[in-house]
Every structure is written in structure tokens, then in C-alpha cells.
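Asker: Here you go, one structure.
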Amino acid sequence: MKSADVVVIGGSAAGAVAAVSCRRRYEGKSVLVIRKEGQVQVPCGIPYIFGTLGSVEKNVIPDALLQNNGVEIVKEEVLEVNREKKTVLLSGGESVGYDKLVMATGSLPITVPIPGADKENVFAINKDANYLKSMLGEINVAQDIVIIGGGFIGVEFADECRKNHACNVTIVEILPHCLQMAMDEEFCIEAESLLPELGVKVCCNQRVETILGDRKVTGVRLSDGRELKADVVIMGVGAIPNIAMAAKAGLQTGKTKAIMVDRYMRTVTDQDIFACGDCAEKVSFFSGSPSAVMLASVATAEARTVGANLFVTRQQNGGEIGVFSTMVGGRAFACAGLTEKAARQEGYDVVVGEAVATDTHPGGMPGAVSTKVKLVFSRGTGILLGGGISGGKSAGEMINVVSACIQHKMTFDEVALFQMGTHPALTASPIAYQIVNAAELAAKAA
Ligand SMILES: Cc1cc2nc3c(=O)[nH]c(=O)nc-3n(C[C@H](O)[C@H](O)[C@H](O)COP(=O)(O)OP(=O)(O)OC[C@H]3O[C@@H](n4cnc5c(N)ncnc54)[C@H](O)[C@@H]3O)c2cc1C
């Protein structure tokens with residue numbers, strides 16, 4: 001029987017990083033990644049298959065990452081975990097023994113249970129390459145596309161679907177605004193205002209009640225009775241943890257129906273089994289309560305904690321901050337931590353600082369983009385709780401600075417004293433640097 005010191009089930013963001021981290025921390029240990037796919041899709045790259053990339057083949061995580069770190073790969077499905085024997089059963093019938101097991105089985109897309117959801121050309125956002133290929137074939141010839149869900153994935157799909165051919169794209173969102181689960185209203189309104197320029201229609205405060213058509217979709221009926229034509233419907237409404245196999249093996253699941261882990265990422269049921277990524281239960285960095293956030297940033301941080309802790313306990317998982325960024329028609333939107341609204345709902349007395357400046361300086365530099373930073377602090381302690389940014393591409397890295405400040409519980413006074421590297425072609429001016437100015441203005445208002 002084949003065996004390895006560490007067996008990882010799943011080879012996407014969490015599985016690959018847990019395997020590599022383990023080899024970095026414990027050089028002498030053998031690590032085996034078992035995954036269903038021949039090649040793994042970059043999950044966050046999936047919307048870009050339908051526009052910018054144009055093909056599934058261009059959206060692959062290279063195996064070299066694992067191979068160069070001495071990780072063995074088996075391309076098969078795991079059917080079962082036998083905790084007593086410490087083995088996993090592969091679809092080919094072979095069993096593989098482990099000393100430590102890492103569950104990194106990820107998530108599955110939610111299919112909204114509405115009448116007609118089973119019709120042809122109704123797609124959920126599955127990460128399987130063959131599924132995505134057939135989806136691409138249909139989207140490339142579609143005239144009318146309806147996207148259910150205006151979260152960041154729905155908005156990215158809407159933007160991308162029109163890039164390679166003219167078609168009508170409509171987002172149907174149940175909330176008053178797109179992106180509302182992640183960002184404060186002013187950013188949502190700004191992002192939404194860009195969508196019509198991209199040829200994307202938005203129907204907010206609406207629910208898709210029925211998917212119309214015989215065998216194949218022909219349209220959708222909304223809650224206000226309107227009917228929209230559609231030859232493709234995309235459900236971008238989130239994901240659920242993929243835990244059927246873990247549950248069958250008796251691993252306890254938590255409030256979010258994900259595998260329960262302690263702060264060292266060990267499952268609470270079995271000390272030799274760890275879990276990370278979308279299949280593992282998360283807690284909020286702020287409240288410690290279970291959280292359903294699923295992001296690659298969280299998955300990979302958890303995976304590094306697993307890699308570090310497999311044989312010696314070294315690191316603790318501090319909980320998810322929730323940092324992410326997206327692009328809408330060439331403008332970047334990013335957020336980290338609590339929005340102002342969420343912070344108030346959590347009971348914080350908040351103080352906000354905002355600063356706007358171009359992302360290069362002077363503002364007359366070619367390609368300069370006006371970039372706004374909003375920071376949310378707790379008034380009493382001065383500690384940074386969250387931030388939102390809209391602007392040029394640098395917003396994607398600026399939000400990571402904000403996230404690092406949140407993770408280290410920095411106050412407005414500390415953030416205001418941050419020494420930022422600046423350059424005319426690369427950043428805002430040192431005088432107008434948005435993060436420090438927003439912090440200083442919050443300190444003034446506190
Ligand atoms: C369209 C889209 C866009 C996204 N964009 C972003 C973004 O911009 N930024 C961000 O931070 N996050 C983004 N996310 C979220 C991010 O992709 C997920 O949080 C991340 O993929 C989680 O990684 P994971 O490894 O836990 O799970 P998954 O990516 O779901 O991978 C699980 C792996 O386990 C394998 N597996 C499962 N069961 C078995 C089995 N029984 N045997 C063998 N293999 C198995 C699967 O085949 C897969 O390879 C996006 C998600 C989607 C769907």
C-alpha cells in the first residue's frame with residue numbers, strides 16, 4: 001500500500017499551499033497531494049476565462065509549484081477516509097496510508113432552488129475545467145445573458161462576458177445595490193454607475209422567481225413580474241463547504257456547515273486530521289464568531305498555518321479579516337475588514353477618515369487615476385477596523401497595507417505615522433498619500 005507522512009486531499013489554493021508549506025517547514029516529510037483534476041483552475045481567474053483570457057487552458061495553476069517543492073501528485077478522487085486505519089480510498093480502488101491528513105476539499109457552488117434551475121444553459125460557477133469549457137462555448141454565442149447575483153463574482157462575469165462579443169448582460173440582485181455584502185454603499189453606487197457604460201444592465205431589489213423555457217432556458221421572470229430574455233443564465237450566488245466526505249468520516253461540522261477546527265487548524269474531532277480553505281469553518285478576526293466568508297486570501301493563510309503546525313504546534317489562526325479587490329471597467333474596488341455599516345452593526349462607536357488623491361504625482365502624470373481611501377476606526381481605542389478603496393490598480397496592493405494594519409491592530413495615530421515609499425510614477429504624493437491622510441483625519445475627528 002502506498003503511503004506518505006502527509007496526505008492532502010484537494011490541490012487548489014488551500015491544498016497546494018498546505019503541501020508546499022509543509023515541505024518548507026518539515027523537509028524530511030513526504031507529502032502527497034490527491035486531487036480530482038488533471039489540471040487545476042485558478043479559481044479567482046474563472047470570470048476572466050470568458051473575456052480577457054478567452055480560454056480555460058490559460059487559467060491553470062502550474063504543477064511546477066508542487067513538483068519544485070518535492071510534493072508528489074496523484075490525480076484521482078478520494079472516495080473515503082478511514083480514520084481507524086489512517087487510510088484514504090481512491091476512485092481507482094487503491095488505498096493510501098497517512099500519518100497526518102489535510103482536508104482541503106474546498107466548496108461547491110450554490111444552485112438557487114428556483115423553478116427552471118435545471119434547464120440547459122443555466123450555469124453555476126463550478127471550478128471544473130470541462131464544465132467551464134462548455135459554459136464558455138455557450139457564452140461565446142449567447143445574445144442575452146442574465147446573471148443572478150451582483151456580488152463581486154457576478155459583477156466580474158458581467159464585465160468579462162461582453163469583452164469578446166456584443167451581447168446583452170443583465171445582473172439581477174436581490175439587495176438594493178451590487179457588491180453590498182462587501183463594501184459600503186458609496187463604493188457600491190460608484191461601481192454600479194460604471195456598469196451601464198460597459199453595456200451591463202442592473203436590476204436591483206429584484207429576485208429571479210422562475211427560469212423560463214422548455215428544455216433550454218429562454219428567459220427569466222423577476223419578482224416584479226417583468227420578463228427578461230436569456231439564452232444563458234449564470235448563478236453567482238456563493239458557495240457552500242464541500243464536506244460530504246468529511247461528514248461521512250465523522251468529522252464534526254460547525255454553524256456554517258464547514259469542518260470544525262481549532263485555532264491551530266486541527267479538526268476538533270481528530271488530532272491527526274487538519275482542514276483549511278473553503279471546507280474549514282472560519283471565525284471572524286473581530287468577533288471570533290463563525291463566519292461564512294470564503295476567500296483565497298483566507299484559504300492560503302489557513303493552509304500556511306496547517307503546513308507549520310502539522311508536526312509541531314507553531315502558529316495560531318487569528319480569524320478572517322476578509323480582504324478582497326475587484327475591477328469594474330478598469331476601475332479597482334477593494335476592501336478589508338469591517339465596512340462602516342458592519343462596524344456599527346457590531347456595536348462599535350466608529351470614526352471615519354477619508355482621503356482622495358491621484359495614484360501618481362503630480363496629478364498631471366500620464367495615466368493618473370483619482371483614488372479614494374476610506375478608513376474606519378474604533379473611536380474609543382483608535383484601532384483600525386476596516387477600509388475601502390476605489391481607484392487605480394494600486395488599490396489592489398494598498399488594501400493589503402490596510403489589511404496588515406488591521407491584522408496588527410494599529411491605531412489611527414500609528415497608521416498616520418506610517419513611512420510610505422512614494423514615487424511620481426508609482427504612488428500618490430507623500431503629502432497626499434491617502435492611507436496616512438485618512439488616518440490623520442480620523443484622529444482629528446475622534
Ligand atoms: C469565480 C470565483 C472568483 C473568485 N475570486 C476570488 C478573488 O478574486 N479573491 C479571493 O480571495 N477569492 C476569490 N474566490 C474564492 C476562492 O477562489 C476560494 O476561496 C478558494 O478557491 C478556496 O480554495 P480551496 O482550495 O479551499 O477550495 P477549492 O478551490 O474549491 O478547491 C478544492 C479542491 O479539492 C478538490 N477535491 C474536492 N473533493 C475531492 C476529493 N474527494 N478527492 C480529490 N480532490 C477533491 C477539488 O477538486 C479542488 O481541486 C473566487 C471564487 C470563485 C468561484
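Starting from 1 in every chain, residues are counted up; chains themselves are A, B, ... following the order of the C-alpha cells, and ligands are numbered from 1 as listed.
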Write out as a VMD selection string each polymer residue whose atoms come within 7 Å of region 148-152 of chain A, counting only C-alpha atoms; drop sequence neighbours fewer than 3 positions from it.

Answerer: chain A and resid 155 to 156 171 to 173 178 to 179 234 to 237 326

Asker: Since we have the selection now, will you write its residues out, keeping N, CA, C and O atoms, as a short mmCIF file (atom, residue, chain, number, x, y, z; two decimals), in the first residue's frame?

Answerer:
data_model
loop_
_atom_site.label_atom_id
_atom_site.label_comp_id
_atom_site.auth_asym_id
_atom_site.auth_seq_id
_atom_site.Cartn_x
_atom_site.Cartn_y
_atom_site.Cartn_z
N VAL A 155 -20.44 40.51 -10.78
CA VAL A 155 -20.04 41.74 -11.46
C VAL A 155 -18.85 41.46 -12.40
O VAL A 155 -18.79 41.95 -13.54
N GLU A 156 -17.89 40.64 -11.93
CA GLU A 156 -16.73 40.31 -12.78
C GLU A 156 -17.20 39.54 -14.03
O GLU A 156 -16.74 39.81 -15.14
N ILE A 171 -27.59 42.00 -14.70
CA ILE A 171 -27.38 41.44 -13.36
C ILE A 171 -28.69 41.61 -12.59
O ILE A 171 -29.25 42.71 -12.56
N VAL A 172 -29.15 40.54 -11.96
CA VAL A 172 -30.33 40.65 -11.09
C VAL A 172 -29.84 40.45 -9.65
O VAL A 172 -29.25 39.42 -9.31
N GLU A 173 -30.05 41.48 -8.83
CA GLU A 173 -29.53 41.46 -7.45
C GLU A 173 -30.69 41.70 -6.48
O GLU A 173 -31.46 42.65 -6.65
N CYS A 178 -25.45 46.30 -5.95
CA CYS A 178 -24.43 45.28 -6.19
C CYS A 178 -23.29 45.47 -5.17
O CYS A 178 -23.10 46.59 -4.66
N LEU A 179 -22.56 44.45 -4.89
CA LEU A 179 -21.36 44.44 -4.01
C LEU A 179 -21.68 44.81 -2.56
O LEU A 179 -20.78 45.06 -1.76
N ILE A 234 -26.45 32.66 -15.47
CA ILE A 234 -25.31 32.31 -14.62
C ILE A 234 -25.71 32.59 -13.17
O ILE A 234 -26.15 33.70 -12.85
N MET A 235 -25.54 31.58 -12.32
CA MET A 235 -25.86 31.79 -10.90
C MET A 235 -24.57 32.12 -10.15
O MET A 235 -23.71 31.25 -9.97
N GLY A 236 -24.46 33.35 -9.73
CA GLY A 236 -23.25 33.77 -8.99
C GLY A 236 -23.65 34.13 -7.58
O GLY A 236 -23.55 35.28 -7.16
N VAL A 237 -24.14 33.15 -6.84
CA VAL A 237 -24.75 33.45 -5.55
C VAL A 237 -23.99 32.84 -4.37
O VAL A 237 -24.54 32.72 -3.29
N THR A 326 -11.43 43.94 -6.62
CA THR A 326 -12.01 43.57 -7.91
C THR A 326 -11.85 44.76 -8.87
O THR A 326 -11.44 45.84 -8.46
#

Asker: Pick out each residue of region 98-218 of chain A that DSSP on the backbone tags as helix (DSSP H, G or I); I need them as an MDAnalysis selection string.

Answerer: chainID A and resid 129:141 152:161 185:194 196:198

Asker: Under the rule that only C-alpha atoms and all ligand atoms are counted, which of A:Asp5, A:Glu76, A:Glu281, A:Glu27 is the nearest residue to ligand 1?

Answerer: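 With only C-alpha atoms and all ligand atoms as the atom set, the closest residue is A:Glu76.
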
Asker: Hey, could you make a per-residue contact list for region 1-49 of chain A against region 53-65 of chain A with 8 Å as the cut-off, showing the nearest pair of atoms and its distance in Å to one decimal, counting only C-alpha atoms, sorted by chain and number, as CSV?

Answerer:
residue,atom,partner,partner_atom,distance
A:Ser12,CA,A:Ile61,CA,7.9
A:Val20,CA,A:Leu65,CA,7.9
A:Gln39,CA,A:Val60,CA,6.5
A:Val40,CA,A:Ile61,CA,5.6
A:Gln41,CA,A:Val60,CA,4.6
A:Val42,CA,A:Val60,CA,5.5
A:Gly45,CA,A:Asn59,CA,6.2
A:Ile46,CA,A:Asn59,CA,7.1
A:Tyr48,CA,A:Leu53,CA,5.5
A:Ile49,CA,A:Leu53,CA,4.8

Asker: Residues of region 212-437 of chain A in strand (DSSP E) according to DSSP, as a VMD selection string?

Answerer: chain A and resid 212 to 213 217 to 222 227 to 229 232 to 235 239 to 241 273 to 275 282 to 283 290 to 291 323 to 328 331 to 337 350 to 358 370 to 378 384 to 391

Asker: Could you write out the selected residues, including C-alpha atoms, as a PDB file, in the first residue's frame?

Answerer:
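That gives us again-v3.pdb:
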ATOM      1  CA  LEU A 212     -38.351  30.157 -18.387  1.00  0.00           C
ATOM      2  CA  GLY A 213     -38.072  27.848 -21.396  1.00  0.00           C
ATOM      3  CA  VAL A 217     -33.564  28.490 -20.946  1.00  0.00           C
ATOM      4  CA  THR A 218     -35.257  31.299 -22.904  1.00  0.00           C
ATOM      5  CA  GLY A 219     -35.666  33.898 -20.176  1.00  0.00           C
ATOM      6  CA  VAL A 220     -36.302  34.687 -16.527  1.00  0.00           C
ATOM      7  CA  ARG A 221     -39.279  36.148 -14.654  1.00  0.00           C
ATOM      8  CA  LEU A 222     -38.462  38.686 -11.933  1.00  0.00           C
ATOM      9  CA  GLU A 227     -39.582  39.011 -18.039  1.00  0.00           C
ATOM     10  CA  LEU A 228     -36.038  39.216 -19.395  1.00  0.00           C
ATOM     11  CA  LYS A 229     -34.815  37.280 -22.427  1.00  0.00           C
ATOM     12  CA  VAL A 232     -27.684  31.779 -20.751  1.00  0.00           C
ATOM     13  CA  VAL A 233     -28.286  32.203 -17.006  1.00  0.00           C
ATOM     14  CA  ILE A 234     -25.312  32.313 -14.620  1.00  0.00           C
ATOM     15  CA  MET A 235     -25.864  31.787 -10.897  1.00  0.00           C
ATOM     16  CA  ALA A 239     -20.719  28.590  -2.390  1.00  0.00           C
ATOM     17  CA  ILE A 240     -21.115  26.006   0.355  1.00  0.00           C
ATOM     18  CA  PRO A 241     -18.341  23.998   2.018  1.00  0.00           C
ATOM     19  CA  ILE A 273      -6.551  15.481  10.605  1.00  0.00           C
ATOM     20  CA  PHE A 274      -6.295  19.168   9.720  1.00  0.00           C
ATOM     21  CA  ALA A 275      -8.597  21.235   7.493  1.00  0.00           C
ATOM     22  CA  LYS A 282     -13.820  30.243   9.845  1.00  0.00           C
ATOM     23  CA  VAL A 283     -14.156  32.729  12.622  1.00  0.00           C
ATOM     24  CA  PRO A 290     -18.272  31.690  12.932  1.00  0.00           C
ATOM     25  CA  SER A 291     -18.062  33.334   9.540  1.00  0.00           C
ATOM     26  CA  VAL A 323      -9.674  41.374   2.282  1.00  0.00           C
ATOM     27  CA  PHE A 324     -10.508  41.414  -1.401  1.00  0.00           C
ATOM     28  CA  SER A 325     -10.324  43.502  -4.523  1.00  0.00           C
ATOM     29  CA  THR A 326     -12.012  43.574  -7.910  1.00  0.00           C
ATOM     30  CA  MET A 327     -12.095  45.577 -11.149  1.00  0.00           C
ATOM     31  CA  VAL A 328     -15.163  47.112 -12.732  1.00  0.00           C
ATOM     32  CA  ARG A 331     -11.526  50.882 -12.024  1.00  0.00           C
ATOM     33  CA  ALA A 332     -10.403  48.983  -8.942  1.00  0.00           C
ATOM     34  CA  PHE A 333     -12.564  48.480  -5.845  1.00  0.00           C
ATOM     35  CA  ALA A 334     -11.106  46.925  -2.724  1.00  0.00           C
ATOM     36  CA  CYS A 335     -11.991  46.434   0.907  1.00  0.00           C
ATOM     37  CA  ALA A 336     -10.613  44.888   4.073  1.00  0.00           C
ATOM     38  CA  GLY A 337     -12.134  44.191   7.457  1.00  0.00           C
ATOM     39  CA  VAL A 350     -16.720  54.409  14.798  1.00  0.00           C
ATOM     40  CA  VAL A 351     -14.777  57.319  13.451  1.00  0.00           C
ATOM     41  CA  VAL A 352     -14.081  57.562   9.734  1.00  0.00           C
ATOM     42  CA  GLY A 353     -11.293  59.253   7.779  1.00  0.00           C
ATOM     43  CA  GLU A 354     -11.332  59.698   4.014  1.00  0.00           C
ATOM     44  CA  ALA A 355      -8.711  60.966   1.584  1.00  0.00           C
ATOM     45  CA  VAL A 356      -8.676  61.308  -2.189  1.00  0.00           C
ATOM     46  CA  ALA A 357      -5.596  61.860  -4.368  1.00  0.00           C
ATOM     47  CA  THR A 358      -4.264  60.727  -7.710  1.00  0.00           C
ATOM     48  CA  SER A 370      -8.099  59.610  -8.704  1.00  0.00           C
ATOM     49  CA  THR A 371      -8.032  57.127  -5.823  1.00  0.00           C
ATOM     50  CA  LYS A 372     -10.147  57.317  -2.691  1.00  0.00           C
ATOM     51  CA  VAL A 373      -9.354  55.648   0.638  1.00  0.00           C
ATOM     52  CA  LYS A 374     -11.845  55.360   3.477  1.00  0.00           C
ATOM     53  CA  LEU A 375     -10.664  54.032   6.838  1.00  0.00           C
ATOM     54  CA  VAL A 376     -12.936  53.021   9.709  1.00  0.00           C
ATOM     55  CA  PHE A 377     -11.573  53.132  13.282  1.00  0.00           C
ATOM     56  CA  SER A 378     -12.985  52.360  16.695  1.00  0.00           C
ATOM     57  CA  LEU A 384      -8.363  50.262  12.654  1.00  0.00           C
ATOM     58  CA  LEU A 385     -11.385  48.086  11.864  1.00  0.00           C
ATOM     59  CA  GLY A 386     -11.683  48.306   8.110  1.00  0.00           C
ATOM     60  CA  GLY A 387     -11.091  50.161   4.904  1.00  0.00           C
ATOM     61  CA  GLY A 388     -12.430  50.644   1.408  1.00  0.00           C
ATOM     62  CA  ILE A 389     -10.649  51.913  -1.691  1.00  0.00           C
ATOM     63  CA  SER A 390     -11.686  52.830  -5.221  1.00  0.00           C
ATOM     64  CA  GLY A 391      -9.281  53.985  -7.855  1.00  0.00           C
TER      65      GLY A 391
END

Asker: If you count only C-alpha atoms, which residues fall within 8 Å of Met265 (chain A), apart from same-chain ones fewer than 4 positions away, as a PyMOL selection string?

Answerer: chain A and resi 261+274-276+302+305-306+316-317

Asker: Contacts of Thr269 (chain A) at 9 Å or less, counting only C-alpha atoms, minus same-chain residues fewer than 3 places along, as a ChimeraX atom specification?

Answerer: /A:250-252,260-261,266,273

Asker: Which residue, A:Gly106, A:Tyr348, A:Lys409, A:Ile399, has the smallest gap to Ala258 (chain A) when you use only C-alpha atoms?

Answerer: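 Looking only at the distances to Ala258 (chain A), the closest residue turns out to be A:Gly106.
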
Asker: I need the residue nearest ligand 1 from this list: A:Leu175, A:Ala4, A:Ala19, A:Cys203. Use only C-alpha atoms and all ligand atoms for the distance.

Answerer: A:Ala19

Asker: Ranking A:Gly154, A:Pro113, A:Gly225, A:Gly364 by minimum distance to ligand 1 and counting only C-alpha atoms and all ligand atoms, which one comes first?

Answerer: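 Ranked by minimum distance to ligand 1, first place goes to A:Gly154.
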
Asker: Which residue, A:Ile243, A:Ile147, A:Ala395, A:Leu338, has the smallest gap to Leu108 (chain A) when you use only C-alpha atoms?

Answerer: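 The shortest atom-to-atom distance to Leu108 (chain A) comes from A:Ile243.
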
Asker: Rounded to one decimal place, report the CA of Arg23 (chain A)-CA of Leu66 (chain A) distance in Å.

Answerer: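 Between these atoms lies a distance of 9.6 Å.
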
Asker: For CA of Thr87 (chain A) and atom 22 (C, counted along the ligand's line) of ligand 1, determine how far apart the two atoms are, in Å to one decimal place.

Answerer: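 Straight-line distance from CA of Thr87 (chain A) to atom 22 (C, counted along the ligand's line) of ligand 1 works out to 24.3 Å.
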
Asker: In Å, rounded to a single decimal, give me how far CA of Ser107 (chain A) is from CA of Gly38 (chain A).

Answerer: 18.2 Å

Asker: From the set A:Pro430, A:Ser91, A:Gly363, A:Tyr264, which residue has the shortest atom-to-atom contact distance to Gly307 (chain A), counting only C-alpha atoms?

Answerer: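 The answer is A:Tyr264, which sits nearest to Gly307 (chain A).
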